[in-house]
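*Asks:* Just one file: structure-v6.cif, with mmCIF, C-alpha atoms and all ligand atoms.
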data_final
loop_
_atom_site.label_atom_id
_atom_site.label_comp_id
_atom_site.auth_asym_id
_atom_site.auth_seq_id
_atom_site.Cartn_x
_atom_site.Cartn_y
_atom_site.Cartn_z
CA MET A 1 20.95 -9.28 -38.60
CA PRO A 2 18.14 -10.68 -40.85
CA GLU A 3 14.66 -9.29 -40.18
CA ASN A 4 13.18 -12.66 -39.03
CA ASP A 5 15.98 -12.93 -36.43
CA LYS A 6 15.14 -9.44 -35.19
CA THR A 7 11.48 -10.40 -34.87
CA ALA A 8 12.47 -13.55 -32.98
CA GLU A 9 14.65 -11.45 -30.69
CA ARG A 10 11.79 -9.03 -29.99
CA GLN A 11 9.38 -11.88 -29.30
CA GLU A 12 11.92 -13.64 -27.14
CA LYS A 13 12.63 -10.47 -25.19
CA SER A 14 9.01 -10.09 -24.16
CA ASP A 15 8.47 -13.85 -23.68
CA SER A 16 11.54 -14.43 -21.60
CA HIS A 17 10.73 -11.62 -19.21
CA GLU A 18 7.17 -12.89 -18.87
CA ASN A 19 8.40 -16.45 -18.25
CA HIS A 20 11.05 -15.24 -15.91
CA GLU A 21 8.53 -13.31 -13.90
CA ASN A 22 5.49 -15.52 -14.08
CA SER A 23 4.72 -19.02 -15.19
CA GLU A 24 7.88 -21.03 -14.56
CA LEU A 25 8.75 -19.15 -11.43
CA HIS A 26 5.19 -19.46 -10.17
CA GLU A 27 5.11 -23.20 -10.88
CA ASN A 28 8.34 -23.71 -8.99
CA HIS A 29 7.18 -21.57 -6.12
CA GLU A 30 4.20 -23.90 -5.79
CA THR A 31 6.54 -26.87 -5.46
CA ILE A 32 8.52 -25.03 -2.85
CA GLU A 33 5.32 -24.04 -1.10
CA ARG A 34 4.25 -27.70 -0.83
CA ARG A 35 7.62 -28.71 0.60
CA GLU A 36 7.67 -25.84 3.05
CA ASN A 37 4.14 -26.56 4.21
CA ALA A 38 5.30 -30.12 4.94
CA GLU A 39 8.20 -28.67 6.93
CA LEU A 40 5.82 -26.44 8.90
CA ARG A 41 3.56 -29.44 9.57
CA GLU A 42 6.53 -31.41 10.85
CA LYS A 43 7.54 -28.51 13.10
CA SER A 44 4.06 -28.19 14.54
CA GLU A 45 3.81 -31.99 15.12
CA ARG A 46 7.11 -31.88 16.99
CA HIS A 47 5.84 -28.91 19.05
CA GLN A 48 2.60 -30.74 19.81
CA ALA A 49 4.50 -33.89 20.87
CA ALA A 50 6.67 -31.80 23.21
CA GLU A 51 3.57 -30.18 24.75
CA ASN A 52 2.02 -33.63 25.33
CA GLY A 53 5.22 -34.76 27.03
CA GLU A 54 5.88 -37.27 24.25
CA ALA A 55 9.26 -37.94 22.73
CA PRO A 56 9.42 -36.05 19.43
CA ALA A 57 9.82 -38.05 16.24
CA PRO A 58 13.40 -37.97 14.96
CA ARG A 59 13.98 -34.86 12.87
CA LYS A 60 13.88 -35.54 9.12
CA LYS A 61 17.21 -35.09 7.36
CA GLN A 62 18.08 -31.55 6.25
CA PHE A 63 19.62 -32.65 2.96
CA ASP A 64 17.31 -31.70 0.13
CA SER A 65 17.35 -34.37 -2.56
CA ARG A 66 15.89 -31.94 -5.11
CA THR A 67 18.76 -29.50 -4.86
CA PHE A 68 21.42 -31.98 -3.67
CA ARG A 69 22.35 -29.44 -1.03
CA ASP A 70 22.07 -29.05 2.72
CA LYS A 71 21.29 -25.33 2.65
CA PRO A 72 18.58 -23.55 0.71
CA VAL A 73 19.52 -22.01 -2.63
CA SER A 74 18.43 -18.51 -3.62
CA PHE A 75 16.93 -19.55 -6.94
CA VAL A 76 14.44 -21.89 -8.52
CA ARG A 77 15.69 -23.58 -11.65
CA ARG A 78 13.50 -22.62 -14.55
CA GLY A 79 12.98 -25.53 -16.87
CA GLY A 80 11.48 -23.43 -19.66
CA ARG A 81 12.40 -23.97 -23.28
CA MET A 82 14.90 -21.70 -24.93
CA THR A 83 13.78 -19.86 -28.05
CA PRO A 84 15.45 -20.82 -31.36
CA SER A 85 17.70 -17.76 -31.26
CA GLN A 86 18.74 -18.56 -27.68
CA GLU A 87 19.49 -22.17 -28.69
CA ARG A 88 21.52 -20.85 -31.60
CA ALA A 89 23.41 -18.46 -29.31
CA TRP A 90 24.16 -21.32 -26.95
CA GLN A 91 25.54 -23.44 -29.77
CA ASP A 92 27.46 -20.74 -31.60
CA LEU A 93 28.68 -18.47 -28.84
CA SER A 94 29.21 -20.54 -25.72
CA SER A 95 32.73 -21.58 -26.72
CA ARG A 96 33.58 -17.86 -26.79
CA TYR A 97 31.80 -16.79 -23.62
CA VAL A 98 30.81 -19.68 -21.35
CA LEU A 99 33.19 -21.08 -18.81
CA GLU A 100 32.26 -24.75 -18.40
CA LEU A 101 33.02 -26.06 -14.92
CA PRO A 102 33.03 -29.65 -13.66
CA ARG A 103 29.90 -30.21 -11.55
CA GLY A 104 29.11 -31.78 -8.22
CA HIS A 105 25.79 -33.64 -7.86
CA ALA A 106 23.53 -30.77 -8.89
CA ALA A 107 23.38 -29.31 -12.39
CA THR A 108 24.19 -25.84 -11.05
CA SER A 109 26.85 -26.96 -8.59
CA VAL A 110 30.61 -26.68 -8.87
CA ALA A 111 32.86 -29.67 -8.13
CA ALA A 112 34.77 -29.19 -4.91
CA ASP A 113 38.22 -29.22 -6.48
CA VAL A 114 37.57 -26.76 -9.31
CA ARG A 115 39.86 -23.74 -9.46
CA VAL A 116 39.52 -20.91 -11.95
CA ASP A 117 42.47 -18.67 -12.66
CA PRO A 118 41.13 -15.32 -13.94
CA VAL A 119 44.45 -14.44 -15.59
CA THR A 120 44.37 -17.65 -17.65
CA LEU A 121 40.65 -17.25 -18.30
CA PHE A 122 40.92 -13.73 -19.73
CA GLY A 123 44.49 -13.99 -20.97
CA ARG A 124 45.60 -10.88 -19.11
CA GLU A 125 45.86 -9.30 -15.69
CA ALA A 126 43.04 -6.78 -15.17
CA PRO A 127 40.57 -5.77 -12.46
CA LEU A 128 37.83 -8.38 -12.17
CA ILE A 129 34.17 -7.46 -11.69
CA VAL A 130 31.72 -10.27 -10.91
CA GLU A 131 27.95 -9.99 -11.19
CA VAL A 132 25.82 -12.51 -9.32
CA GLY A 133 22.41 -13.14 -10.90
CA SER A 134 23.12 -11.23 -14.10
CA GLY A 135 19.69 -12.05 -15.58
CA GLN A 136 19.65 -11.17 -19.26
CA GLY A 137 22.99 -9.40 -19.04
CA HIS A 138 21.88 -5.78 -19.46
CA ALA A 139 24.10 -4.40 -16.70
CA ILE A 140 27.18 -6.51 -17.26
CA VAL A 141 27.32 -6.22 -21.06
CA HIS A 142 26.90 -2.46 -20.79
CA ALA A 143 29.63 -2.24 -18.15
CA ALA A 144 32.00 -4.53 -20.08
CA THR A 145 31.52 -2.34 -23.15
CA GLU A 146 32.14 0.87 -21.20
CA ARG A 147 35.17 -0.47 -19.34
CA PRO A 148 37.40 -2.46 -21.70
CA ASP A 149 40.22 -2.20 -19.16
CA CYS A 150 38.33 -4.52 -16.76
CA ASP A 151 37.30 -8.17 -17.00
CA PHE A 152 33.75 -9.24 -16.16
CA LEU A 153 32.31 -12.52 -14.95
CA ALA A 154 28.54 -13.12 -14.96
CA ILE A 155 27.24 -15.89 -12.71
CA GLU A 156 23.67 -16.93 -13.40
CA VAL A 157 21.58 -20.11 -13.22
CA PHE A 158 18.97 -18.95 -15.74
CA ARG A 159 20.19 -20.52 -19.00
CA ALA A 160 17.96 -18.48 -21.31
CA GLY A 161 19.26 -15.33 -19.59
CA LEU A 162 22.82 -16.43 -20.25
CA ALA A 163 21.96 -17.01 -23.91
CA ARG A 164 20.51 -13.49 -24.10
CA THR A 165 23.66 -12.16 -22.47
CA MET A 166 25.79 -13.84 -25.15
CA ILE A 167 23.65 -12.35 -27.91
CA ARG A 168 24.16 -8.90 -26.39
CA ALA A 169 27.88 -9.51 -25.90
CA GLU A 170 28.28 -10.49 -29.53
CA TRP A 171 26.39 -7.41 -30.70
CA ALA A 172 28.69 -5.33 -28.53
CA ALA A 173 31.74 -7.24 -29.89
CA ILE A 174 33.28 -7.62 -26.45
CA ASP A 175 35.72 -10.23 -25.25
CA ASN A 176 36.26 -9.05 -21.66
CA LEU A 177 33.20 -10.99 -20.46
CA LYS A 178 32.78 -14.64 -19.44
CA LEU A 179 29.68 -16.40 -18.16
CA VAL A 180 29.23 -19.23 -15.69
CA GLU A 181 26.01 -21.21 -15.34
CA ALA A 182 26.15 -22.11 -11.65
CA ASN A 183 25.09 -21.33 -8.12
CA ALA A 184 27.06 -18.15 -7.43
CA PRO A 185 28.11 -18.77 -3.80
CA GLU A 186 29.78 -22.02 -4.89
CA VAL A 187 31.72 -20.28 -7.68
CA LEU A 188 32.82 -17.50 -5.34
CA GLU A 189 33.77 -19.77 -2.48
CA GLN A 190 35.28 -22.75 -4.28
CA ALA A 191 36.38 -21.81 -7.76
CA LEU A 192 37.75 -18.26 -7.63
CA PRO A 193 41.03 -17.55 -5.86
CA GLU A 194 40.77 -15.68 -2.56
CA GLY A 195 41.04 -11.92 -3.01
CA SER A 196 40.74 -12.13 -6.80
CA VAL A 197 37.62 -9.98 -7.24
CA ASP A 198 37.70 -6.16 -7.33
CA GLU A 199 33.95 -5.58 -7.34
CA LEU A 200 31.04 -7.89 -6.67
CA TRP A 201 27.59 -6.84 -7.87
CA VAL A 202 24.19 -8.18 -6.82
CA PHE A 203 21.41 -6.17 -8.45
CA PHE A 204 17.73 -6.90 -7.83
CA ALA A 205 18.27 -10.30 -6.26
CA ASP A 206 15.06 -12.31 -5.85
CA PRO A 207 13.49 -10.78 -2.72
CA TRP A 208 11.90 -13.98 -1.34
CA ALA A 209 9.31 -11.77 0.28
CA LYS A 210 7.23 -14.30 2.29
CA THR A 211 8.49 -14.81 5.81
CA LYS A 212 8.81 -18.55 5.35
CA HIS A 213 11.00 -17.97 2.26
CA THR A 214 13.43 -15.40 3.67
CA LYS A 215 15.95 -18.15 4.44
CA ARG A 216 16.44 -18.38 0.66
CA ARG A 217 17.69 -14.82 0.36
CA LEU A 218 21.09 -14.62 -1.25
CA ILE A 219 22.34 -11.85 1.02
CA SER A 220 23.03 -13.54 4.32
CA GLN A 221 25.76 -13.81 6.90
CA ASP A 222 27.16 -16.75 4.96
CA PHE A 223 27.17 -14.79 1.71
CA ALA A 224 28.99 -11.90 3.44
CA ARG A 225 31.69 -14.36 4.52
CA ILE A 226 31.98 -15.78 1.00
CA ALA A 227 32.03 -12.29 -0.56
CA ALA A 228 34.79 -11.21 1.83
CA GLN A 229 36.86 -14.22 0.81
CA ALA A 230 36.44 -13.54 -2.93
CA LEU A 231 37.01 -9.76 -2.77
CA ARG A 232 40.47 -8.25 -2.52
CA PRO A 233 41.05 -6.00 0.51
CA GLY A 234 39.49 -2.66 -0.48
CA GLY A 235 37.20 -4.38 -3.01
CA VAL A 236 33.54 -3.36 -3.06
CA LEU A 237 30.27 -5.27 -2.81
CA ARG A 238 27.49 -3.34 -4.57
CA LEU A 239 23.86 -4.16 -3.89
CA ALA A 240 20.62 -2.78 -5.27
CA THR A 241 17.02 -3.75 -4.59
CA ASP A 242 13.53 -2.37 -4.99
CA TRP A 243 12.27 -4.35 -2.02
CA GLN A 244 12.45 -2.25 1.17
CA ASP A 245 12.32 -5.19 3.53
CA TYR A 246 15.21 -6.87 1.69
CA ALA A 247 17.15 -3.57 1.67
CA ASP A 248 16.73 -3.33 5.46
CA HIS A 249 17.82 -6.96 5.78
CA MET A 250 20.91 -6.26 3.63
CA VAL A 251 21.89 -3.33 5.86
CA THR A 252 21.49 -5.44 9.00
CA VAL A 253 23.56 -8.30 7.56
CA MET A 254 26.28 -6.17 6.01
CA ASP A 255 26.64 -3.71 8.92
CA ALA A 256 27.27 -6.73 11.16
CA ALA A 257 29.70 -8.41 8.72
CA PRO A 258 33.14 -8.26 10.38
CA ASP A 259 35.08 -7.94 7.11
CA PHE A 260 33.19 -4.99 5.64
CA GLU A 261 32.62 -1.30 6.25
CA ARG A 262 30.04 0.98 4.71
CA ASP A 263 31.24 2.74 1.57
CA PHE A 264 28.56 5.41 1.70
CA ALA A 265 27.45 8.21 3.99
CA GLY A 266 23.82 8.69 4.97
CA GLU A 267 21.08 6.11 4.98
CA TRP A 268 21.56 4.65 1.49
CA ALA A 269 24.28 4.76 -1.13
CA PRO A 270 23.71 6.98 -4.17
CA ARG A 271 22.49 5.14 -7.26
CA PHE A 272 25.47 3.29 -8.70
CA GLU A 273 26.06 5.09 -11.97
CA GLY A 274 27.60 2.01 -13.59
CA ARG A 275 24.20 0.29 -13.46
CA VAL A 276 21.87 0.51 -16.44
CA LEU A 277 18.14 0.44 -15.91
CA THR A 278 16.96 -3.18 -16.17
CA ALA A 279 13.40 -4.47 -16.48
CA PHE A 280 13.45 -5.40 -12.80
CA GLU A 281 14.40 -1.88 -11.71
CA GLN A 282 11.86 -0.38 -14.13
CA LYS A 283 9.12 -2.58 -12.72
CA GLY A 284 10.00 -1.51 -9.18
CA ILE A 285 9.88 2.17 -10.16
CA LYS A 286 6.55 1.68 -11.95
CA LYS A 287 5.11 0.18 -8.78
CA GLY A 288 6.24 3.25 -6.85
CA ARG A 289 8.95 1.45 -4.89
CA ASP A 290 12.14 3.16 -3.75
CA ILE A 291 15.29 1.77 -5.32
CA ARG A 292 17.92 1.19 -2.66
CA ASP A 293 21.62 1.04 -3.41
CA LEU A 294 24.25 -0.12 -0.93
CA ALA A 295 28.03 -0.41 -1.15
CA TYR A 296 30.31 -2.15 1.33
CA ARG A 297 34.11 -2.12 1.22
CA ARG A 298 36.11 -5.19 2.19
CA LEU A 299 38.44 -4.24 5.04
CA SER A 300 42.16 -4.68 4.62
CA GLY A 301 43.90 -7.60 6.24
CA PRO A 302 42.95 -11.26 6.28
CA THR A 303 39.27 -12.17 6.55
CA SER A 304 37.92 -12.90 10.00
CA ARG A 305 36.81 -16.47 9.30
C1 LIG A 401 15.30 -10.81 -10.09
S1 LIG A 401 16.51 -11.35 -11.21
C2 LIG A 401 17.51 -9.90 -11.51
C3 LIG A 401 18.36 -10.01 -12.72
C4 LIG A 401 19.29 -8.82 -13.01
N1 LIG A 401 20.25 -8.62 -11.94
C5 LIG A 401 18.51 -7.59 -13.30
O1 LIG A 401 18.54 -6.64 -12.50
O2 LIG A 401 17.85 -7.56 -14.36
C6 LIG A 401 17.58 -12.31 -10.15
C7 LIG A 401 18.44 -13.28 -10.93
O3 LIG A 401 19.37 -13.89 -10.03
C8 LIG A 401 19.54 -15.24 -10.43
N2 LIG A 401 20.02 -15.96 -9.25
C9 LIG A 401 19.40 -16.08 -8.06
N3 LIG A 401 20.15 -16.78 -7.20
C10 LIG A 401 21.28 -17.13 -7.86
C11 LIG A 401 22.43 -17.88 -7.50
N4 LIG A 401 22.55 -18.41 -6.29
N5 LIG A 401 23.39 -18.05 -8.42
C12 LIG A 401 23.26 -17.53 -9.66
N6 LIG A 401 22.19 -16.79 -10.06
C13 LIG A 401 21.21 -16.61 -9.18
C14 LIG A 401 18.17 -15.66 -10.91
O4 LIG A 401 18.23 -16.76 -11.79
C15 LIG A 401 17.68 -14.39 -11.60
O5 LIG A 401 17.98 -14.40 -12.97
#
Please lay out the structure from this file as C-alpha cells.

*Replies:*
Amino acid sequence: MPENDKTAERQEKSDSHENHENSELHENHETIERRENAELREKSERHQAAENGEAPAPRKKQFDSRTFRDKPVSFVRRGGRMTPSQERAWQDLSSRYVLELPRGHAATSVAADVRVDPVTLFGREAPLIVEVGSGQGHAIVHAATERPDCDFLAIEVFRAGLARTMIRAEWAAIDNLKLVEANAPEVLEQALPEGSVDELWVFFADPWAKTKHTKRRLISQDFARIAAQALRPGGVLRLATDWQDYADHMVTVMDAAPDFERDFAGEWAPRFEGRVLTAFEQKGIKKGRDIRDLAYRRLSGPTSR
C-alpha cells in the first residue's frame, strides 16, 4: 500500500473512533434527548389531567417519523463524512463484500419480502456466524481469517465502520465474509431463514445507560425471540459488555428467554477466546470496568413463539 494511503488509514483510524464515540453520537443523542423530554412532558401532562379528573388528551401516535418505525432502534445513524480511503473502499470493494438488500421506508430497514439464502450468498454450505454491530470489523475479520471453514455475516448501520471492515477484509484476503448495512433485528427476523445461524455475536452493544434510554437497548425480550428464530437448535448467542448494568439486564432477559439455556457455569461466562480486543473493550478496561461475557444456547425443538 502506498505511504500516503497508510497515513490516511492511520488518520482515519483515530478520527473514526473519535467520531464514533463523540461528536456525531453526541449530536444525535441531543436530538433524542429533545424528543424524549417532549415524551416525558406529554406523560406528565396526562398524569396531571388524570389527577385533576380531566379527560386526558388523546395519546400521540407511537410511530416515529424519523426512524419510520413503531419501536425504538438501538442505534443513532451517524451522518458523518467518510474519509477518502473509506469512500474508495466503498466503491471498489462493496461488490465483493456488501450484500445490498431492498429497503422498506427507512435507509437501514429491510423490505418485508426479502429473503437471503446463505448457501447462495457464500456459494457453499458452511456454518454461519453473524455479528450484530460489528463496528470497524476487528472481531469478525479476525475470526473469518482464523476460521476459513465458516462463513461470516456482519450487520452494522455505521457505514464508515463497514468501509473499514472491507479494508481489513481485503488486507486479510478473505472471501468468507459478507456485510449488510441494516438494522440487525430486521435482517435476522425477516431476511435470514429460520435456524440458519450457528452463532450470533453481540459484542459491546451501545449500553444506553440513562434510564430513559434503556428501551433502546438491543438485548431485549424481543431480540431474544428474534435470535431464537435465527439460530439453529443448539446454536449459541454470545454477548460481551463492559457495562455492568447492561450485563445484569442481559442475564435477566436471557435467563427468562424460553428458547435459551445458559451455556456457562458460574456467574459469568469465561472470556470468549474467539474475540479480539477492540477499542471499545480496551476503553472499558482502561476505565477499570469488568468485562462480562455471556453465552446462551438455543434449545432444541421449535421456538416457543
Ligand atoms: C459500541 S459499538 C461496538 C462495535 C464492536 N462490536 C466493537 O466491539 O468494537 C456498537 C455498534 O453497534 C452498532 N449497532 C447498534 N445497533 C445496531 C443495530 N440495530 N443494527 C446494526 N448495528 C447496530 C452501532 O452502529 C455500533 O457500531

*Asks:* Between A:Ser95, A:Gln244, A:Ser196, A:Thr211, which is the closest to Trp268 in chain A once you count all atoms listed in the file?

*Replies:*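 Result for the nearest residue to Trp268 in chain A: A:Gln244.
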
*Asks:* Given 6 Å of margin on each side, can you work out the centre and size in Å (one decimal) of an axis-aligned box holding every listed atom of ligand LIG 401 (chain A), as AutoDock Vina command-line options?

*Replies:*
--center_x 19.3 --center_y -12.5 --center_z -10.3 --size_x 20.1 --size_y 23.8 --size_z 20.1

*Asks:* So which one's closest to Leu192 in chain A, A:Pro118, A:Pro233, A:Gly133, A:Pro148? Using all atoms listed in the file, please.

*Replies:*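 Among the listed residues, A:Pro118 lies closest to Leu192 in chain A.
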
*Asks:* I'd like the contact shell of range 103-110 of chain A - 9 Å cut-off, only C-alpha atoms, skipping same-chain residues fewer than 2 positions apart - returned as a ChimeraX atom specification.

*Replies:* /A:66-69,77,101,112-114,157,181-184,186-187,190-191

*Asks:* Can you tell me, as a list in words, what residues are no more than 6 Å from Gln136 in chain A when counting only C-alpha atoms, ignoring any on the same chain fewer than 2 positions away?

*Replies:*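 Residues meeting the cut-off are His138, Gly161, Arg164 and Thr165 of chain A.
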
*Asks:* Rounded to one decimal, what separation in Å do you get between CA of Pro127 in chain A and CA of Asp198 in chain A?

*Replies:* 5.9 Å

*Asks:* Show me a table, sorted first by chain and then by increasing residue number, of the residues of chain A having an atom at most 8 Å from ligand LIG 401 (chain A), each with its shortest atom pair and the distance in Å to one decimal, counting only C-alpha atoms and all ligand atoms and written as a tab-separated table.

*Replies:*
residue	atom	partner	partner_atom	distance
A:His20	CA	A:LIG401	O5	7.6
A:Val73	CA	A:LIG401	N4	6.0
A:Ser74	CA	A:LIG401	N3	4.3
A:Phe75	CA	A:LIG401	N3	4.3
A:Val76	CA	A:LIG401	O4	7.2
A:Arg77	CA	A:LIG401	O4	7.3
A:Glu131	CA	A:LIG401	N1	7.9
A:Val132	CA	A:LIG401	C12	5.6
A:Gly133	CA	A:LIG401	O3	3.2
A:Ser134	CA	A:LIG401	N1	4.4
A:Gly135	CA	A:LIG401	C3	3.8
A:Gln136	CA	A:LIG401	O2	6.3
A:Gly137	CA	A:LIG401	C4	7.1
A:His138	CA	A:LIG401	O2	6.7
A:Ala139	CA	A:LIG401	C5	7.3
A:Ile155	CA	A:LIG401	C12	5.3
A:Glu156	CA	A:LIG401	N6	3.7
A:Val157	CA	A:LIG401	N6	4.6
A:Phe158	CA	A:LIG401	O4	4.6
A:Gly161	CA	A:LIG401	O5	6.8
A:Glu181	CA	A:LIG401	C12	7.3
A:Ala182	CA	A:LIG401	C12	5.8
A:Asn183	CA	A:LIG401	N5	3.7
A:Ala184	CA	A:LIG401	N5	3.8
A:Pro185	CA	A:LIG401	N4	6.1
A:Val202	CA	A:LIG401	N1	6.5
A:Phe203	CA	A:LIG401	N1	4.4
A:Phe204	CA	A:LIG401	O1	4.7
A:Ala205	CA	A:LIG401	C6	4.4
A:Asp206	CA	A:LIG401	C1	4.5
A:Pro207	CA	A:LIG401	C1	7.6
A:Leu218	CA	A:LIG401	N3	6.4
A:Leu277	CA	A:LIG401	O1	7.9
A:Thr278	CA	A:LIG401	O2	4.8
A:Ala279	CA	A:LIG401	O2	5.8
A:Phe280	CA	A:LIG401	O2	5.1
A:Glu281	CA	A:LIG401	O1	6.4

*Asks:* Could you write those residues out with C-alpha atoms, as an mmCIF file, in the frame of the given file?

*Replies:*
data_model
loop_
_atom_site.group_PDB
_atom_site.id
_atom_site.type_symbol
_atom_site.label_atom_id
_atom_site.label_comp_id
_atom_site.auth_asym_id
_atom_site.auth_seq_id
_atom_site.Cartn_x
_atom_site.Cartn_y
_atom_site.Cartn_z
ATOM 1 C CA HIS A 20 11.050 -15.240 -15.910
ATOM 2 C CA VAL A 73 19.520 -22.010 -2.630
ATOM 3 C CA SER A 74 18.430 -18.510 -3.620
ATOM 4 C CA PHE A 75 16.930 -19.550 -6.940
ATOM 5 C CA VAL A 76 14.440 -21.890 -8.520
ATOM 6 C CA ARG A 77 15.690 -23.580 -11.650
ATOM 7 C CA GLU A 131 27.950 -9.990 -11.190
ATOM 8 C CA VAL A 132 25.820 -12.510 -9.320
ATOM 9 C CA GLY A 133 22.410 -13.140 -10.900
ATOM 10 C CA SER A 134 23.120 -11.230 -14.100
ATOM 11 C CA GLY A 135 19.690 -12.050 -15.580
ATOM 12 C CA GLN A 136 19.650 -11.170 -19.260
ATOM 13 C CA GLY A 137 22.990 -9.400 -19.040
ATOM 14 C CA HIS A 138 21.880 -5.780 -19.460
ATOM 15 C CA ALA A 139 24.100 -4.400 -16.700
ATOM 16 C CA ILE A 155 27.240 -15.890 -12.710
ATOM 17 C CA GLU A 156 23.670 -16.930 -13.400
ATOM 18 C CA VAL A 157 21.580 -20.110 -13.220
ATOM 19 C CA PHE A 158 18.970 -18.950 -15.740
ATOM 20 C CA GLY A 161 19.260 -15.330 -19.590
ATOM 21 C CA GLU A 181 26.010 -21.210 -15.340
ATOM 22 C CA ALA A 182 26.150 -22.110 -11.650
ATOM 23 C CA ASN A 183 25.090 -21.330 -8.120
ATOM 24 C CA ALA A 184 27.060 -18.150 -7.430
ATOM 25 C CA PRO A 185 28.110 -18.770 -3.800
ATOM 26 C CA VAL A 202 24.190 -8.180 -6.820
ATOM 27 C CA PHE A 203 21.410 -6.170 -8.450
ATOM 28 C CA PHE A 204 17.730 -6.900 -7.830
ATOM 29 C CA ALA A 205 18.270 -10.300 -6.260
ATOM 30 C CA ASP A 206 15.060 -12.310 -5.850
ATOM 31 C CA PRO A 207 13.490 -10.780 -2.720
ATOM 32 C CA LEU A 218 21.090 -14.620 -1.250
ATOM 33 C CA LEU A 277 18.140 0.440 -15.910
ATOM 34 C CA THR A 278 16.960 -3.180 -16.170
ATOM 35 C CA ALA A 279 13.400 -4.470 -16.480
ATOM 36 C CA PHE A 280 13.450 -5.400 -12.800
ATOM 37 C CA GLU A 281 14.400 -1.880 -11.710
#

*Asks:* Would you mind listing what lies within 8 Å of Arg262 in chain A as a VMD selection string, with only C-alpha atoms counted and same-chain residues fewer than 6 positions away left out?

*Replies:* chain A and resid 255 295 to 297

*Asks:* Next, the residues of the selection above should be written as a PDB file, in the coordinates of the input with C-alpha atoms.

*Replies:*
ATOM      1  CA  ASP A 255      26.640  -3.710   8.920  1.00  0.00           C
ATOM      2  CA  ALA A 295      28.030  -0.410  -1.150  1.00  0.00           C
ATOM      3  CA  TYR A 296      30.310  -2.150   1.330  1.00  0.00           C
ATOM      4  CA  ARG A 297      34.110  -2.120   1.220  1.00  0.00           C
TER       5      ARG A 297
END

*Asks:* In terms of the shortest atom-to-atom distance over only C-alpha atoms, which of A:Ala143, A:Val130, A:Ala228, A:Ala247 is closest to Val180 in chain A?

*Replies:*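 That would be A:Val130, the residue with the smallest distance to Val180 in chain A.
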
*Asks:* Taking all atoms listed in the file into account, name the residue in A:Arg232, A:Arg147, A:Arg124, A:Lys178 that is nearest to Arg96 in chain A.

*Replies:*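 Selected residue with least distance to Arg96 in chain A: A:Lys178.
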
*Asks:* Which residue, A:Gly288, A:Phe264, A:Glu273, A:Arg298, has the smallest gap to Ala230 in chain A when you use only C-alpha atoms?

*Replies:*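 Comparing A:Gly288, A:Phe264, A:Glu273, A:Arg298 against Ala230 in chain A, the winner is A:Arg298.
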
*Asks:* Residues around (15.8, -2.3, -5.4), cut-off 6 Å, counting only C-alpha atoms - what are they as a ChimeraX atom specification?

*Replies:* /A:204,240-243,291-292

*Asks:* Keeping C-alpha atoms for every residue in the selection just given, could you write it to a file as a CSV table (one decimal), in the coordinates of the input?

*Replies:*
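Result went into again-v1.csv, see below:
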chain,number,residue,atom,x,y,z
A,204,PHE,CA,17.7,-6.9,-7.8
A,240,ALA,CA,20.6,-2.8,-5.3
A,241,THR,CA,17.0,-3.8,-4.6
A,242,ASP,CA,13.5,-2.4,-5.0
A,243,TRP,CA,12.3,-4.4,-2.0
A,291,ILE,CA,15.3,1.8,-5.3
A,292,ARG,CA,17.9,1.2,-2.7

*Asks:* Pick the closest to Gly274 in chain A from A:Arg217, A:Arg238, A:Arg225, A:His47: which is it, counting all atoms listed in the file?

*Replies:*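 Among the listed residues, the smallest separation from Gly274 in chain A belongs to A:Arg238.
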
*Asks:* May I ask for the distance between CA of Val197 in chain A and CA of Ala269 in chain A, given in Å to one decimal place?

*Replies:*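 Separating CA of Val197 in chain A from CA of Ala269 in chain A is a distance of 20.8 Å.
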
*Asks:* Tell me, in Å to one decimal, how far CA of Asp70 in chain A is from CA of Asp245 in chain A.

*Replies:* 25.8 Å

*Asks:* Report as JSON, numbers by chain all protein, DNA and RNA residues lying within 10 Å of Trp171 in chain A, evaluated on all atoms listed in the file, omitting residues in the same chain fewer than 4 positions from it.

*Replies:* {"A": [1, 141, 165, 166, 167]}

*Asks:* Which residues, written as an MDAnalysis selection string, have at least one atom at most 12 Å from Phe122 in chain A, with all atoms listed in the file counted and residues fewer than 5 positions away on the same chain left out?

*Replies:* chainID A and resid 96:99 116:117 127:128 148:153 174:179
